[in-house]
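Student: The structure that follows is given in the form of C-alpha cells.
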Amino acid sequence: MQETETYIKESLKTLYTTDEIRCFIRLILSHVCRLSLNSQILCKDKKIPENEKKTIYNIINRLKAMEPLQYILGETEFYSIPLAVNPSVLIPRPETEELADMIINSPTVKSGERLTVLDVGTGSGCIAVALAKHIGNSTVTATDVSVEALLTAQKNASANGVRVGFIHSDILDTERALALIPGKYDIIVSNPPYIKEEEKPAMEANVVDYEPHLALFVPDSRPALFYEKIADFARVKLKPDGMMFFEINPKCDEIIVEMLHGKGFSQTEIIRDLSGKNRFITVKNSKK
C-alpha cells in the first residue's frame, strides 16, 4: 500500500496541494480497496491486488485531467449523508452544509411544529435529503429544471430512506411554477445559480470544465435573477411568518437584499459563512 500511496503523491504533486492529495488517498483507498482510515494507517504493508491498482491508475489519470474526484467515484458526503453525484449535478460544498445546518437549528424548526419545506433547484437533493432526515414531522418537496438532476436526487432520497416529493419545474417561469408546485410552505430554501459570467476566468478548471453551467452561472446584467423569481413565487407560496433561506454570491449581497425589500420582504438578515464571507440571507415573511 505504501508503494501505491507514493505513486499517487508523485503523480499529483504538481497539480494539487498536499492536503488535497492526502484527502484523495484516503477516499481512493476507501472506495477502491474498502480500507477504513484505521486500516490505511495501521496496515501500510498490505498488498493491493493488481486489479485494484489498475482502477487506481485510471482514477489518477482522470485526476490529472482535473476531473473532480467525486464524479470519478460517483459519490460524496453531505451533512454526514452519503450522496450519489454525477456531472448533471453540482458537487455539494461545505457552505451548503452550513445552510442546511442553519435551517435544521433555526427557531422555526426548533418549534417542533409540522412543517412544509420547499427546496428550489435541488440538484443532487443534498439539502432536501438532509432536511427530510433531520426535521421531524416535515413534508419536504424539491424542484429542479433538470430531469437528470431530479433522477439523481430521487436516488439519493431513496438510498437514505427519506420521503421527498420531486417536481420538474423551472422557477424562472414563475406562472408555470406556481401552477405545478402545490400548497404553501413554512420554509423555502434555495442555493440557486449565482456566479456571474465575468467571474468564470478566475475559477478552477475542475469546476468550469466539469460541473453543470446551468447550475452555476447567471448573466452579469442580472446577478439576482433567480432570487427575484423565487421572491415572486414566495409572495404567493410562502406562509405568513414563513422563512426563506438563501445561499448567495457574497459580491451580490446588497443587490439581493435591495431586491427583496422592493418586493415587500423587509425582514432580511445577511449571515456570514465560517470563512467570514456574506454567504447567506434569511427572510421572514411579515405579510399576514
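Every chain in the C-alpha cells takes a letter, A first, then B, and so on in the order presented; its residues are numbered from 1, and the ligands are numbered from 1 following the presented order.
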Skipping near chain neighbours, those fewer than 2 positions away, what residues fall within 9 Å of Phe226 (chain A) using only C-alpha atoms, listed as a ChimeraX atom specification?
Tutor: /A:171-172,192-194,218,222-224,228-231
Student: Can you tell me, as a count of residues only, what residues are no more than 10 Å from Val236 (chain A) when counting only C-alpha atoms, ignoring any on the same chain fewer than 3 positions away?
Tutor: 8
Student: Between CA of His134 (chain A) and CA of Val89 (chain A), what distance in Å does the model show, to one decimal?
Tutor: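 One can read the CA of His134 (chain A) to CA of Val89 (chain A) distance as 22.4 Å.
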Student: Could you write out, as a ChimeraX atom specification, all the residues of region 68-278 of chain A that DSSP marks as alpha helix (DSSP H)?
Tutor: /A:69-73,94-104,107-110,126-134,147-159,174-180,205-208,225-237,253-262
Student: Would you work out the distance separating CA of Ile188 (chain A) from CA of Val140 (chain A), expressed in Å to one decimal?
Tutor: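 Here the two named atoms are 9.9 Å from each other.
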Student: With 8 Å as the cut-off and only C-alpha atoms counted, what is the closest atom pair between each nearby residue of region 64-174 of chain A and region 243-252 of chain A? Distances in Å to one decimal, ordered by chain and number, as a tab-separated table.
Tutor:
residue	atom	partner	partner_atom	distance
A:Thr96	CA	A:Glu247	CA	7.2
A:Leu99	CA	A:Glu247	CA	6.9
A:Ile103	CA	A:Phe245	CA	7.5
A:Thr108	CA	A:Met243	CA	7.9
Student: Can you spit out the residues from that selection as a PDB file, in the first residue's frame, using C-alpha atoms?
Tutor:
ATOM      1  CA  THR A  96     -24.193  24.483   1.617  1.00  0.00           C
ATOM      2  CA  LEU A  99     -27.037  26.387   5.039  1.00  0.00           C
ATOM      3  CA  ILE A 103     -32.225  25.607   8.825  1.00  0.00           C
ATOM      4  CA  THR A 108     -38.799  27.706  13.001  1.00  0.00           C
TER       5      THR A 108
END
Student: May I ask which of the residues A:Ala142, A:Ala100, A:Ile135, A:Val147 is the closest one to Glu113 (chain A), counting only C-alpha atoms?
Tutor: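 Checking each candidate against Glu113 (chain A), we get A:Ile135 as the closest.
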Student: As a PDB file with N, CA and C atoms, in the first residue's frame, please: all residues of region 50-181 of chain A that backbone DSSP puts in strand (DSSP E).
Tutor:
ATOM      1  N   GLU A  75     -19.662   9.456  -5.936  1.00  0.00           N
ATOM      2  CA  GLU A  75     -20.264   9.629  -4.620  1.00  0.00           C
ATOM      3  C   GLU A  75     -19.536  10.713  -3.831  1.00  0.00           C
ATOM      4  N   THR A  76     -20.228  11.240  -2.841  1.00  0.00           N
ATOM      5  CA  THR A  76     -19.644  12.181  -1.900  1.00  0.00           C
ATOM      6  C   THR A  76     -20.439  12.102  -0.611  1.00  0.00           C
ATOM      7  N   GLU A  77     -20.142  13.009   0.310  1.00  0.00           N
ATOM      8  CA  GLU A  77     -20.867  13.041   1.583  1.00  0.00           C
ATOM      9  C   GLU A  77     -21.322  14.462   1.848  1.00  0.00           C
ATOM     10  N   PHE A  78     -22.515  14.596   2.386  1.00  0.00           N
ATOM     11  CA  PHE A  78     -23.067  15.911   2.710  1.00  0.00           C
ATOM     12  C   PHE A  78     -23.804  15.810   4.033  1.00  0.00           C
ATOM     13  N   ILE A  81     -24.268  12.486   5.257  1.00  0.00           N
ATOM     14  CA  ILE A  81     -25.175  11.662   4.463  1.00  0.00           C
ATOM     15  C   ILE A  81     -24.471  11.275   3.169  1.00  0.00           C
ATOM     16  N   PRO A  82     -24.445   9.980   2.812  1.00  0.00           N
ATOM     17  CA  PRO A  82     -23.844   9.587   1.533  1.00  0.00           C
ATOM     18  C   PRO A  82     -24.728  10.003   0.365  1.00  0.00           C
ATOM     19  N   LEU A  83     -24.116  10.549  -0.674  1.00  0.00           N
ATOM     20  CA  LEU A  83     -24.854  11.016  -1.840  1.00  0.00           C
ATOM     21  C   LEU A  83     -24.194  10.533  -3.121  1.00  0.00           C
ATOM     22  N   ALA A  84     -25.018  10.126  -4.077  1.00  0.00           N
ATOM     23  CA  ALA A  84     -24.523   9.874  -5.430  1.00  0.00           C
ATOM     24  C   ALA A  84     -24.428  11.211  -6.153  1.00  0.00           C
ATOM     25  N   LEU A 115     -43.944  20.991   9.603  1.00  0.00           N
ATOM     26  CA  LEU A 115     -43.535  21.999   8.646  1.00  0.00           C
ATOM     27  C   LEU A 115     -43.593  21.494   7.212  1.00  0.00           C
ATOM     28  N   THR A 116     -43.904  22.426   6.303  1.00  0.00           N
ATOM     29  CA  THR A 116     -43.794  22.142   4.874  1.00  0.00           C
ATOM     30  C   THR A 116     -42.572  22.898   4.350  1.00  0.00           C
ATOM     31  N   VAL A 117     -41.727  22.178   3.615  1.00  0.00           N
ATOM     32  CA  VAL A 117     -40.438  22.722   3.177  1.00  0.00           C
ATOM     33  C   VAL A 117     -40.318  22.551   1.665  1.00  0.00           C
ATOM     34  N   LEU A 118     -39.825  23.596   0.994  1.00  0.00           N
ATOM     35  CA  LEU A 118     -39.591  23.533  -0.447  1.00  0.00           C
ATOM     36  C   LEU A 118     -38.134  23.887  -0.743  1.00  0.00           C
ATOM     37  N   ASP A 119     -37.456  23.012  -1.479  1.00  0.00           N
ATOM     38  CA  ASP A 119     -36.080  23.243  -1.920  1.00  0.00           C
ATOM     39  C   ASP A 119     -36.116  23.531  -3.418  1.00  0.00           C
ATOM     40  N   VAL A 120     -35.758  24.759  -3.793  1.00  0.00           N
ATOM     41  CA  VAL A 120     -35.819  25.185  -5.195  1.00  0.00           C
ATOM     42  C   VAL A 120     -34.449  25.026  -5.843  1.00  0.00           C
ATOM     43  N   SER A 138     -41.837  16.794   9.093  1.00  0.00           N
ATOM     44  CA  SER A 138     -41.752  17.715   7.961  1.00  0.00           C
ATOM     45  C   SER A 138     -42.215  17.035   6.679  1.00  0.00           C
ATOM     46  N   THR A 139     -42.753  17.840   5.781  1.00  0.00           N
ATOM     47  CA  THR A 139     -43.070  17.400   4.432  1.00  0.00           C
ATOM     48  C   THR A 139     -42.167  18.184   3.494  1.00  0.00           C
ATOM     49  N   VAL A 140     -41.251  17.493   2.842  1.00  0.00           N
ATOM     50  CA  VAL A 140     -40.249  18.163   2.023  1.00  0.00           C
ATOM     51  C   VAL A 140     -40.543  17.930   0.543  1.00  0.00           C
ATOM     52  N   THR A 141     -40.540  19.024  -0.207  1.00  0.00           N
ATOM     53  CA  THR A 141     -40.709  18.980  -1.656  1.00  0.00           C
ATOM     54  C   THR A 141     -39.476  19.619  -2.290  1.00  0.00           C
ATOM     55  N   ALA A 142     -39.055  19.087  -3.433  1.00  0.00           N
ATOM     56  CA  ALA A 142     -37.874  19.622  -4.114  1.00  0.00           C
ATOM     57  C   ALA A 142     -38.152  19.752  -5.600  1.00  0.00           C
ATOM     58  N   THR A 143     -37.639  20.820  -6.205  1.00  0.00           N
ATOM     59  CA  THR A 143     -37.853  21.055  -7.628  1.00  0.00           C
ATOM     60  C   THR A 143     -36.515  21.283  -8.334  1.00  0.00           C
ATOM     61  N   ASP A 144     -36.513  21.011  -9.624  1.00  0.00           N
ATOM     62  CA  ASP A 144     -35.346  21.344 -10.451  1.00  0.00           C
ATOM     63  C   ASP A 144     -35.793  21.399 -11.901  1.00  0.00           C
ATOM     64  N   VAL A 164     -39.189  12.473  -0.046  1.00  0.00           N
ATOM     65  CA  VAL A 164     -39.161  13.823  -0.616  1.00  0.00           C
ATOM     66  C   VAL A 164     -40.008  13.795  -1.878  1.00  0.00           C
ATOM     67  N   GLY A 165     -40.875  14.782  -2.028  1.00  0.00           N
ATOM     68  CA  GLY A 165     -41.654  14.891  -3.256  1.00  0.00           C
ATOM     69  C   GLY A 165     -40.869  15.696  -4.286  1.00  0.00           C
ATOM     70  N   PHE A 166     -40.733  15.159  -5.482  1.00  0.00           N
ATOM     71  CA  PHE A 166     -39.938  15.831  -6.516  1.00  0.00           C
ATOM     72  C   PHE A 166     -40.842  16.328  -7.648  1.00  0.00           C
ATOM     73  N   ILE A 167     -40.567  17.563  -8.091  1.00  0.00           N
ATOM     74  CA  ILE A 167     -41.365  18.186  -9.142  1.00  0.00           C
ATOM     75  C   ILE A 167     -40.432  18.791 -10.180  1.00  0.00           C
ATOM     76  N   HIS A 168     -40.672  18.471 -11.449  1.00  0.00           N
ATOM     77  CA  HIS A 168     -39.904  19.064 -12.543  1.00  0.00           C
ATOM     78  C   HIS A 168     -40.501  20.424 -12.851  1.00  0.00           C
TER      79      HIS A 168
END
Student: Work out how far apart CA of Lys13 (chain A) and CA of Ile56 (chain A) are and give it in Å to one decimal.
Tutor: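 Taking CA of Lys13 (chain A) as the start and CA of Ile56 (chain A) as the end point, the length is 16.0 Å.
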Student: Counting only C-alpha atoms, which of A:Cys126, A:Ala205, A:Leu260, A:Ile8 gets nearest to Glu98 (chain A)?
Tutor: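 The closest residue to Glu98 (chain A) is A:Cys126.
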Student: Mind running region 68-174 of chain A against region 23-27 of chain A at 10 Å and telling me each contacting residue's nearest atom pair with the distance in Å (one decimal), counting only C-alpha atoms, chain and number ascending, as JSON lines?
Tutor:
{"residue": "A:Leu69", "atom": "CA", "partner": "A:Phe24", "partner_atom": "CA", "distance": 7.6}
{"residue": "A:Gln70", "atom": "CA", "partner": "A:Leu27", "partner_atom": "CA", "distance": 9.4}
{"residue": "A:Leu73", "atom": "CA", "partner": "A:Leu27", "partner_atom": "CA", "distance": 8.9}
{"residue": "A:Thr76", "atom": "CA", "partner": "A:Leu27", "partner_atom": "CA", "distance": 9.5}
Student: Would you mind telling me which residue in A:Pro49, A:Pro240, A:Pro182, A:Gly125 lies nearest to Asn160 (chain A) when using only C-alpha atoms?
Tutor: A:Gly125
Student: With only C-alpha atoms as the counted atoms, please give the residues lying no more than 12 Å from Glu3 (chain A), apart from itself and same-chain residues fewer than 5 positions off, as a list of chain:residue names.
Tutor: A:Ile8, A:Lys9, A:Glu10, A:Ile25, A:Lys44, A:Asp45, A:Lys46, A:Lys47, A:Ile48, A:Lys53
Student: Please produce a file of the residues just selected, as a short mmCIF file (atom, residue, chain, number, x, y, z; two decimals), in the first residue's frame, where the atoms kept are N, CA, C and O atoms.
Tutor:
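Contents of out-v9.cif, as written:
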data_model
loop_
_atom_site.label_atom_id
_atom_site.label_comp_id
_atom_site.auth_asym_id
_atom_site.auth_seq_id
_atom_site.Cartn_x
_atom_site.Cartn_y
_atom_site.Cartn_z
N ILE A 8 0.63 7.89 -5.97
CA ILE A 8 -0.40 8.93 -6.03
C ILE A 8 0.21 10.30 -5.73
O ILE A 8 -0.03 11.28 -6.45
N LYS A 9 1.03 10.35 -4.68
CA LYS A 9 1.65 11.63 -4.30
C LYS A 9 2.53 12.18 -5.43
O LYS A 9 2.45 13.36 -5.77
N GLU A 10 3.36 11.32 -6.00
CA GLU A 10 4.27 11.76 -7.05
C GLU A 10 3.53 12.18 -8.32
O GLU A 10 3.91 13.12 -9.01
N ILE A 25 -6.01 10.27 -1.34
CA ILE A 25 -5.52 8.94 -0.95
C ILE A 25 -6.51 8.25 -0.03
O ILE A 25 -6.85 7.08 -0.23
N LYS A 44 0.13 -0.46 6.49
CA LYS A 44 0.91 0.10 5.38
C LYS A 44 1.56 -0.98 4.51
O LYS A 44 1.86 -0.75 3.35
N ASP A 45 1.76 -2.17 5.09
CA ASP A 45 2.41 -3.25 4.34
C ASP A 45 1.43 -4.10 3.54
O ASP A 45 1.84 -5.03 2.84
N LYS A 46 0.15 -3.77 3.64
CA LYS A 46 -0.85 -4.55 2.91
C LYS A 46 -0.61 -4.45 1.41
O LYS A 46 -0.37 -3.36 0.87
N LYS A 47 -0.69 -5.59 0.72
CA LYS A 47 -0.51 -5.60 -0.73
C LYS A 47 -1.85 -5.33 -1.41
O LYS A 47 -2.87 -5.92 -1.06
N ILE A 48 -1.82 -4.45 -2.39
CA ILE A 48 -3.04 -4.12 -3.14
C ILE A 48 -3.08 -4.98 -4.40
O ILE A 48 -2.11 -5.01 -5.17
N LYS A 53 -5.10 -1.92 -8.33
CA LYS A 53 -4.07 -0.97 -8.77
C LYS A 53 -4.46 -0.34 -10.11
O LYS A 53 -4.31 0.87 -10.31
#
Student: I'd like the contact shell of Glu204 (chain A) - 12 Å cut-off, only C-alpha atoms, skipping same-chain residues fewer than 5 positions apart - returned as a list in words.
Tutor: Leu15, Tyr16, Met66, Glu67, Pro68, Glu199, Asp209, Tyr210 and Glu211 of chain A
Student: With distances taken over only C-alpha atoms, which of A:Ile21, A:Ala128, A:Ile271, A:Ile59 is nearest to Val283 (chain A)?
Tutor: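 Ranking A:Ile21, A:Ala128, A:Ile271, A:Ile59 by distance to Val283 (chain A), first place goes to A:Ile271.
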